[in-house]
Structures are given as structure tokens and as C-alpha cells.
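Enquirer: My structure file data-v5.pdb, PDB, C-alpha atoms, pLDDT in the B column, is below:
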```
ATOM      1  CA  MET A   1    -147.311 -10.710 116.876  1.00 78.00           C
ATOM      2  CA  LEU A   2    -144.184  -9.128 118.317  1.00 87.00           C
ATOM      3  CA  GLU A   3    -144.178  -6.477 120.995  1.00 94.00           C
ATOM      4  CA  GLN A   4    -143.611  -2.893 119.873  1.00 95.00           C
ATOM      5  CA  SER A   5    -140.175  -2.903 121.550  1.00 95.00           C
ATOM      6  CA  PHE A   6    -138.935  -5.351 118.885  1.00 95.00           C
ATOM      7  CA  TYR A   7    -139.811  -2.890 116.138  1.00 96.00           C
ATOM      8  CA  GLN A   8    -138.270  -0.005 118.057  1.00 97.00           C
ATOM      9  CA  LYS A   9    -135.025  -1.946 118.421  1.00 97.00           C
ATOM     10  CA  ALA A  10    -135.144  -2.846 114.722  1.00 97.00           C
ATOM     11  CA  ASP A  11    -135.540   0.849 113.893  1.00 97.00           C
ATOM     12  CA  GLU A  12    -132.442   1.653 115.976  1.00 97.00           C
ATOM     13  CA  ILE A  13    -130.458  -1.051 114.183  1.00 97.00           C
ATOM     14  CA  ILE A  14    -131.681   0.062 110.745  1.00 97.00           C
ATOM     15  CA  GLU A  15    -130.756   3.670 111.505  1.00 97.00           C
ATOM     16  CA  SER A  16    -127.278   2.633 112.661  1.00 97.00           C
ATOM     17  CA  HIS A  17    -126.616   1.004 109.266  1.00 97.00           C
ATOM     18  CA  GLY A  18    -128.649   3.324 107.066  1.00 92.00           C
ATOM     19  CA  ARG A  19    -131.834   2.606 105.161  1.00 93.00           C
ATOM     20  CA  MET A  20    -130.031   1.045 102.222  1.00 95.00           C
ATOM     21  CA  GLN A  21    -130.579  -2.262 100.492  1.00 95.00           C
ATOM     22  CA  ARG A  22    -126.913  -3.179 100.845  1.00 96.00           C
ATOM     23  CA  ALA A  23    -127.280  -2.969 104.646  1.00 97.00           C
ATOM     24  CA  LEU A  24    -129.624  -5.982 104.798  1.00 97.00           C
ATOM     25  CA  ILE A  25    -127.061  -8.509 106.046  1.00 97.00           C
ATOM     26  CA  PRO A  26    -125.522  -6.355 108.801  1.00 97.00           C
ATOM     27  CA  ILE A  27    -129.013  -5.306 109.926  1.00 98.00           C
ATOM     28  CA  ILE A  28    -130.314  -8.852 110.237  1.00 97.00           C
ATOM     29  CA  GLN A  29    -127.053  -9.969 111.857  1.00 97.00           C
ATOM     30  CA  ASP A  30    -127.526  -7.325 114.540  1.00 97.00           C
ATOM     31  CA  ILE A  31    -131.165  -8.307 115.028  1.00 97.00           C
ATOM     32  CA  GLN A  32    -130.171 -11.945 115.419  1.00 95.00           C
ATOM     33  CA  ASN A  33    -127.421 -10.983 117.870  1.00 92.00           C
ATOM     34  CA  GLU A  34    -129.999  -9.075 119.902  1.00 94.00           C
ATOM     35  CA  TYR A  35    -132.608 -11.868 120.100  1.00 93.00           C
ATOM     36  CA  ARG A  36    -130.539 -15.025 119.392  1.00 91.00           C
ATOM     37  CA  TYR A  37    -132.748 -15.623 116.350  1.00 94.00           C
ATOM     38  CA  LEU A  38    -134.259 -13.684 113.462  1.00 96.00           C
ATOM     39  CA  PRO A  39    -137.979 -13.128 114.061  1.00 97.00           C
ATOM     40  CA  PRO A  40    -139.685 -13.513 110.656  1.00 96.00           C
ATOM     41  CA  GLU A  41    -141.899 -10.502 111.372  1.00 96.00           C
ATOM     42  CA  LEU A  42    -138.797  -8.340 111.781  1.00 96.00           C
ATOM     43  CA  LEU A  43    -137.288  -9.625 108.552  1.00 97.00           C
ATOM     44  CA  SER A  44    -140.444  -8.537 106.717  1.00 96.00           C
ATOM     45  CA  TYR A  45    -140.351  -5.194 108.522  1.00 97.00           C
ATOM     46  CA  VAL A  46    -136.687  -4.615 107.641  1.00 97.00           C
ATOM     47  CA  ALA A  47    -137.369  -5.443 103.978  1.00 97.00           C
ATOM     48  CA  LYS A  48    -140.101  -2.819 103.839  1.00 97.00           C
ATOM     49  CA  GLU A  49    -137.982  -0.243 105.668  1.00 97.00           C
ATOM     50  CA  ILE A  50    -134.954  -0.580 103.370  1.00 97.00           C
ATOM     51  CA  GLY A  51    -136.957  -0.894 100.168  1.00 97.00           C
ATOM     52  CA  ILE A  52    -136.571  -4.504  99.117  1.00 97.00           C
ATOM     53  CA  THR A  53    -139.132  -7.252  98.625  1.00 97.00           C
ATOM     54  CA  GLU A  54    -139.836  -9.774 101.362  1.00 97.00           C
ATOM     55  CA  ALA A  55    -138.840 -12.476  98.883  1.00 97.00           C
ATOM     56  CA  LYS A  56    -135.401 -10.916  98.447  1.00 97.00           C
ATOM     57  CA  ALA A  57    -134.920 -10.596 102.223  1.00 97.00           C
ATOM     58  CA  TYR A  58    -135.991 -14.204 102.796  1.00 96.00           C
ATOM     59  CA  SER A  59    -133.763 -15.468  99.983  1.00 97.00           C
ATOM     60  CA  VAL A  60    -130.760 -13.858 101.678  1.00 96.00           C
ATOM     61  CA  ALA A  61    -131.693 -15.003 105.194  1.00 96.00           C
ATOM     62  CA  THR A  62    -132.325 -18.588 104.111  1.00 95.00           C
ATOM     63  CA  PHE A  63    -129.195 -18.778 101.940  1.00 94.00           C
ATOM     64  CA  TYR A  64    -126.868 -18.258 104.906  1.00 90.00           C
ATOM     65  CA  GLU A  65    -126.910 -21.120 107.385  1.00 81.00           C
ATOM     66  CA  ASN A  66    -126.002 -18.770 110.234  1.00 85.00           C
ATOM     67  CA  PHE A  67    -129.461 -17.164 110.279  1.00 93.00           C
ATOM     68  CA  SER A  68    -132.167 -18.915 112.261  1.00 93.00           C
ATOM     69  CA  PHE A  69    -135.904 -18.252 112.369  1.00 95.00           C
ATOM     70  CA  ASP A  70    -136.240 -20.436 115.468  1.00 92.00           C
ATOM     71  CA  PRO A  71    -135.698 -18.987 118.941  1.00 92.00           C
ATOM     72  CA  LYS A  72    -132.514 -20.235 120.578  1.00 94.00           C
ATOM     73  CA  GLY A  73    -131.524 -20.742 124.179  1.00 95.00           C
ATOM     74  CA  LYS A  74    -129.282 -18.555 126.280  1.00 95.00           C
ATOM     75  CA  TYR A  75    -126.466 -21.062 125.771  1.00 96.00           C
ATOM     76  CA  ILE A  76    -125.947 -22.214 122.190  1.00 94.00           C
ATOM     77  CA  ILE A  77    -123.903 -25.401 122.230  1.00 97.00           C
ATOM     78  CA  LYS A  78    -122.394 -26.452 118.913  1.00 95.00           C
ATOM     79  CA  VAL A  79    -121.007 -29.978 118.798  1.00 96.00           C
ATOM     80  CA  CYS A  80    -118.507 -30.562 116.022  1.00 95.00           C
ATOM     81  CA  ASP A  81    -118.998 -33.704 113.964  1.00 94.00           C
ATOM     82  CA  GLY A  82    -116.294 -33.057 111.399  1.00 94.00           C
ATOM     83  CA  THR A  83    -113.932 -35.887 110.538  1.00 95.00           C
ATOM     84  CA  ALA A  84    -111.390 -35.283 113.326  1.00 96.00           C
ATOM     85  CA  CYS A  85    -114.066 -34.845 115.981  1.00 95.00           C
ATOM     86  CA  HIS A  86    -116.146 -37.741 114.689  1.00 96.00           C
ATOM     87  CA  VAL A  87    -113.278 -40.242 114.823  1.00 96.00           C
ATOM     88  CA  ARG A  88    -112.428 -38.984 118.312  1.00 96.00           C
ATOM     89  CA  LYS A  89    -115.961 -39.762 119.501  1.00 96.00           C
ATOM     90  CA  SER A  90    -118.039 -36.597 119.236  1.00 96.00           C
ATOM     91  CA  LEU A  91    -121.278 -38.563 118.778  1.00 96.00           C
ATOM     92  CA  PRO A  92    -121.378 -39.880 122.369  1.00 97.00           C
ATOM     93  CA  ILE A  93    -121.069 -36.244 123.512  1.00 98.00           C
ATOM     94  CA  LEU A  94    -124.024 -35.227 121.357  1.00 97.00           C
ATOM     95  CA  GLU A  95    -126.040 -38.239 122.533  1.00 97.00           C
ATOM     96  CA  TYR A  96    -125.268 -37.358 126.165  1.00 98.00           C
ATOM     97  CA  LEU A  97    -126.378 -33.741 125.684  1.00 98.00           C
ATOM     98  CA  HIS A  98    -129.583 -34.826 123.952  1.00 98.00           C
ATOM     99  CA  LYS A  99    -130.412 -37.283 126.734  1.00 97.00           C
ATOM    100  CA  GLU A 100    -129.472 -34.930 129.589  1.00 97.00           C
ATOM    101  CA  LEU A 101    -131.411 -31.982 128.143  1.00 97.00           C
ATOM    102  CA  GLY A 102    -134.373 -33.902 126.704  1.00 97.00           C
ATOM    103  CA  LEU A 103    -133.504 -32.922 123.144  1.00 97.00           C
ATOM    104  CA  SER A 104    -133.314 -34.791 119.844  1.00 94.00           C
ATOM    105  CA  LYS A 105    -132.280 -34.262 116.244  1.00 89.00           C
ATOM    106  CA  ASP A 106    -135.684 -32.606 115.742  1.00 92.00           C
ATOM    107  CA  LYS A 107    -135.882 -30.652 119.016  1.00 95.00           C
ATOM    108  CA  HIS A 108    -132.839 -28.430 119.519  1.00 95.00           C
ATOM    109  CA  THR A 109    -133.854 -26.051 122.328  1.00 96.00           C
ATOM    110  CA  THR A 110    -134.907 -26.795 125.892  1.00 97.00           C
ATOM    111  CA  ASP A 111    -138.368 -25.670 126.976  1.00 96.00           C
ATOM    112  CA  ASP A 112    -136.877 -23.226 129.487  1.00 96.00           C
ATOM    113  CA  MET A 113    -134.931 -21.555 126.626  1.00 95.00           C
ATOM    114  CA  LEU A 114    -131.662 -22.149 128.479  1.00 96.00           C
ATOM    115  CA  PHE A 115    -129.907 -24.489 126.012  1.00 97.00           C
ATOM    116  CA  THR A 116    -129.827 -25.015 122.258  1.00 96.00           C
ATOM    117  CA  VAL A 117    -127.741 -27.920 120.929  1.00 97.00           C
ATOM    118  CA  GLU A 118    -126.667 -27.975 117.293  1.00 95.00           C
ATOM    119  CA  THR A 119    -124.392 -30.230 115.284  1.00 94.00           C
ATOM    120  CA  VAL A 120    -121.931 -28.517 112.964  1.00 93.00           C
ATOM    121  CA  SER A 121    -119.653 -29.873 110.254  1.00 92.00           C
ATOM    122  CA  CYS A 122    -116.495 -28.197 111.490  1.00 92.00           C
ATOM    123  CA  LEU A 123    -115.429 -25.694 114.117  1.00 92.00           C
ATOM    124  CA  GLY A 124    -111.901 -25.337 112.748  1.00 92.00           C
ATOM    125  CA  ALA A 125    -110.210 -26.732 115.845  1.00 93.00           C
ATOM    126  CA  CYS A 126    -109.333 -30.209 114.603  1.00 94.00           C
ATOM    127  CA  GLY A 127    -106.183 -30.462 116.705  1.00 95.00           C
ATOM    128  CA  LEU A 128    -108.323 -30.063 119.836  1.00 96.00           C
ATOM    129  CA  ALA A 129    -110.890 -32.711 118.870  1.00 96.00           C
ATOM    130  CA  PRO A 130    -113.461 -33.529 119.956  1.00 97.00           C
ATOM    131  CA  VAL A 131    -114.627 -29.951 120.369  1.00 97.00           C
ATOM    132  CA  LEU A 132    -117.774 -28.108 121.253  1.00 96.00           C
ATOM    133  CA  THR A 133    -118.491 -24.429 121.663  1.00 96.00           C
ATOM    134  CA  VAL A 134    -120.822 -22.587 123.996  1.00 97.00           C
ATOM    135  CA  ASN A 135    -121.691 -19.156 122.623  1.00 93.00           C
ATOM    136  CA  GLU A 136    -118.494 -19.251 120.550  1.00 89.00           C
ATOM    137  CA  LYS A 137    -116.181 -20.230 123.446  1.00 96.00           C
ATOM    138  CA  VAL A 138    -114.234 -23.376 122.522  1.00 96.00           C
ATOM    139  CA  TYR A 139    -114.114 -26.378 124.847  1.00 97.00           C
ATOM    140  CA  PRO A 140    -111.434 -28.861 123.658  1.00 97.00           C
ATOM    141  CA  ALA A 141    -110.904 -32.571 124.302  1.00 97.00           C
ATOM    142  CA  MET A 142    -114.544 -32.969 125.270  1.00 97.00           C
ATOM    143  CA  THR A 143    -116.066 -36.143 126.709  1.00 97.00           C
ATOM    144  CA  PRO A 144    -119.621 -36.899 127.850  1.00 97.00           C
ATOM    145  CA  GLU A 145    -118.419 -36.545 131.453  1.00 97.00           C
ATOM    146  CA  LYS A 146    -116.869 -33.133 130.769  1.00 97.00           C
ATOM    147  CA  ALA A 147    -120.060 -32.107 128.957  1.00 97.00           C
ATOM    148  CA  GLY A 148    -122.018 -32.974 132.109  1.00 96.00           C
ATOM    149  CA  GLU A 149    -119.684 -30.844 134.223  1.00 96.00           C
ATOM    150  CA  LEU A 150    -120.038 -27.995 131.731  1.00 97.00           C
ATOM    151  CA  LEU A 151    -123.845 -28.171 131.877  1.00 97.00           C
ATOM    152  CA  ALA A 152    -123.724 -28.056 135.681  1.00 96.00           C
ATOM    153  CA  GLU A 153    -121.417 -25.030 135.514  1.00 95.00           C
ATOM    154  CA  LEU A 154    -123.695 -23.249 133.044  1.00 96.00           C
ATOM    155  CA  ARG A 155    -126.770 -24.018 135.120  1.00 94.00           C
ATOM    156  CA  GLY A 156    -124.953 -22.602 138.138  1.00 89.00           C
ATOM    157  CA  ASP A 157    -124.573 -19.288 136.328  1.00 68.00           C
ATOM    158  CA  GLU A 158    -128.341 -18.894 136.418  1.00 58.00           C
TER     159      GLU A 158
END
```
Please, can you express the file's structure as C-alpha cells?
Expert:
Amino acid sequence: MLEQSFYQKADEIIESHGRMQRALIPIIQDIQNEYRYLPPELLSYVAKEIGITEAKAYSVATFYENFSFDPKGKYIIKVCDGTACHVRKSLPILEYLHKELGLSKDKHTTDDMLFTVETVSCLGACGLAPVLTVNEKVYPAMTPEKAGELLAELRGDE
């Protein structure tokens, strides 16, 4: 059960876009931007508020890979494993991050909710490979050692 403040924020977001069915995607994008994930309870609430079925709302939210029903950490690290990054050794970077943060292919977020590590097919920066992003900021020519320095820097921000 979510706190009332979640529903109040959802109401603000819904009002900013209008209570229209066609506003579903921008509304749930804004909710996800606010909480770093899309709480399923809020998706159901939004569906009711804009007059669509829960099934329709869930079909949209699950169709787009960008939406996540799982809480994410403060720092979302996306490691590219596209062809250019893969051949330039992106897997050792991913393995280092998993080991350092106690994560795996099944566990993506640290218990303290500080880091989420995801693998993506392409970040569109092939000439800078291997690449990772942290909250959309691109870090080129990455190595496991540089990833360690980046984690230390991010932890220092806390």
C-alpha cells in the first residue's frame, strides 16, 4: 500500500496533462521520473482516473521497455553490450560492477537503493565504446578500473 503522498503527486501529474486517455504515456513517464519506477498501484489509479481499463494501462506500460515496475536505485547504470561495446570488452565491466555491488543478472539493485545496474543493447555511442551511462550521462572508453573509480566518486556524492 502506497502512502497518500504518492496519490497526491499522481493527481498533480494527471492534472498537468489532463484527464484524457491519450495522456497515459506522458502521465506514467512523469510518475516514473518522480519515483525512478512505476508503482503498479499508481498505474491502476491513473487508469481509473483517465477512464481506461487497468488491462489497457498495463498493456501500454509493459509494451515499452523503458517502464519498470521494480524500484531502482539513485544511480541507474546502463552498461552497453551492443556489438561495438561487446568486442571492446564491455562484459568485464559488467562483471566488475556485479561483483563490486553484490548484484547479478537476476538482482539489479543494491539493498541500499543506491545503484541499479542494467545491460542494454545499444546506447548509440559506438565510437566511444565501451560505454556506460549513469542517469543518462555517458562515460566513454570504460574499463573495470574506471568503473571502480566512478563508483567511488558516486559514493562520495552521498
Enquirer: Rounded to one decimal, what separation in Å do you get between atom CA of A:Asp30 and atom CA of A:Glu3?
Expert: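 Atom-to-atom, atom CA of A:Asp30 and atom CA of A:Glu3 are spaced 17.9 Å apart.
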Enquirer: Between atom CA of A:Val60 and atom CA of A:Ser44, measure the distance and give it in Å to one decimal.
Expert: 12.1 Å
Enquirer: Interatomic distance between atom CA of A:Met113 and atom CA of A:Lys72?
Expert: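 So the answer is 6.6 Å.
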Enquirer: So which residues touch stretch 116-122 of chain A within 8 Å, counting all atoms listed in the file, skipping near sequence neighbours fewer than 6 positions away, as a list of chain:residue names?
Expert: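 In the requested format, the answer is A:Lys72, A:Gly73, A:Lys74, A:Tyr75, A:Ile76, A:Ile77, A:Lys78, A:Val79, A:Cys80, A:Asp81, A:Gly82, A:Leu94, A:Leu97, A:His98, A:Leu103, A:His108, A:Thr109, A:Thr110.
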Enquirer: Counting only C-alpha atoms, find the residues whose atoms lie at most 10 Å from (-124.7, -40.3, 126.5) (file coordinates) and write them out as a VMD selection string.
Expert: chain A and resid 91 to 100 143 to 145 147 to 148
Enquirer: Could you save the residues just selected, with C-alpha atoms, as a PDB file, in the frame of the given file?
Expert:
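Saved file out20.pdb follows:
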```
ATOM      1  CA  LEU A  91    -121.278 -38.563 118.778  1.00 96.00           C
ATOM      2  CA  PRO A  92    -121.378 -39.880 122.369  1.00 97.00           C
ATOM      3  CA  ILE A  93    -121.069 -36.244 123.512  1.00 98.00           C
ATOM      4  CA  LEU A  94    -124.024 -35.227 121.357  1.00 97.00           C
ATOM      5  CA  GLU A  95    -126.040 -38.239 122.533  1.00 97.00           C
ATOM      6  CA  TYR A  96    -125.268 -37.358 126.165  1.00 98.00           C
ATOM      7  CA  LEU A  97    -126.378 -33.741 125.684  1.00 98.00           C
ATOM      8  CA  HIS A  98    -129.583 -34.826 123.952  1.00 98.00           C
ATOM      9  CA  LYS A  99    -130.412 -37.283 126.734  1.00 97.00           C
ATOM     10  CA  GLU A 100    -129.472 -34.930 129.589  1.00 97.00           C
ATOM     11  CA  THR A 143    -116.066 -36.143 126.709  1.00 97.00           C
ATOM     12  CA  PRO A 144    -119.621 -36.899 127.850  1.00 97.00           C
ATOM     13  CA  GLU A 145    -118.419 -36.545 131.453  1.00 97.00           C
ATOM     14  CA  ALA A 147    -120.060 -32.107 128.957  1.00 97.00           C
ATOM     15  CA  GLY A 148    -122.018 -32.974 132.109  1.00 96.00           C
TER      16      GLY A 148
END
```
Enquirer: Which one is closest to A:Ser59: A:Pro71, A:Leu24, A:Gln32, A:Leu2? Count only C-alpha atoms.
Expert: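 Once distances to A:Ser59 are computed over only C-alpha atoms, the minimum belongs to A:Leu24.
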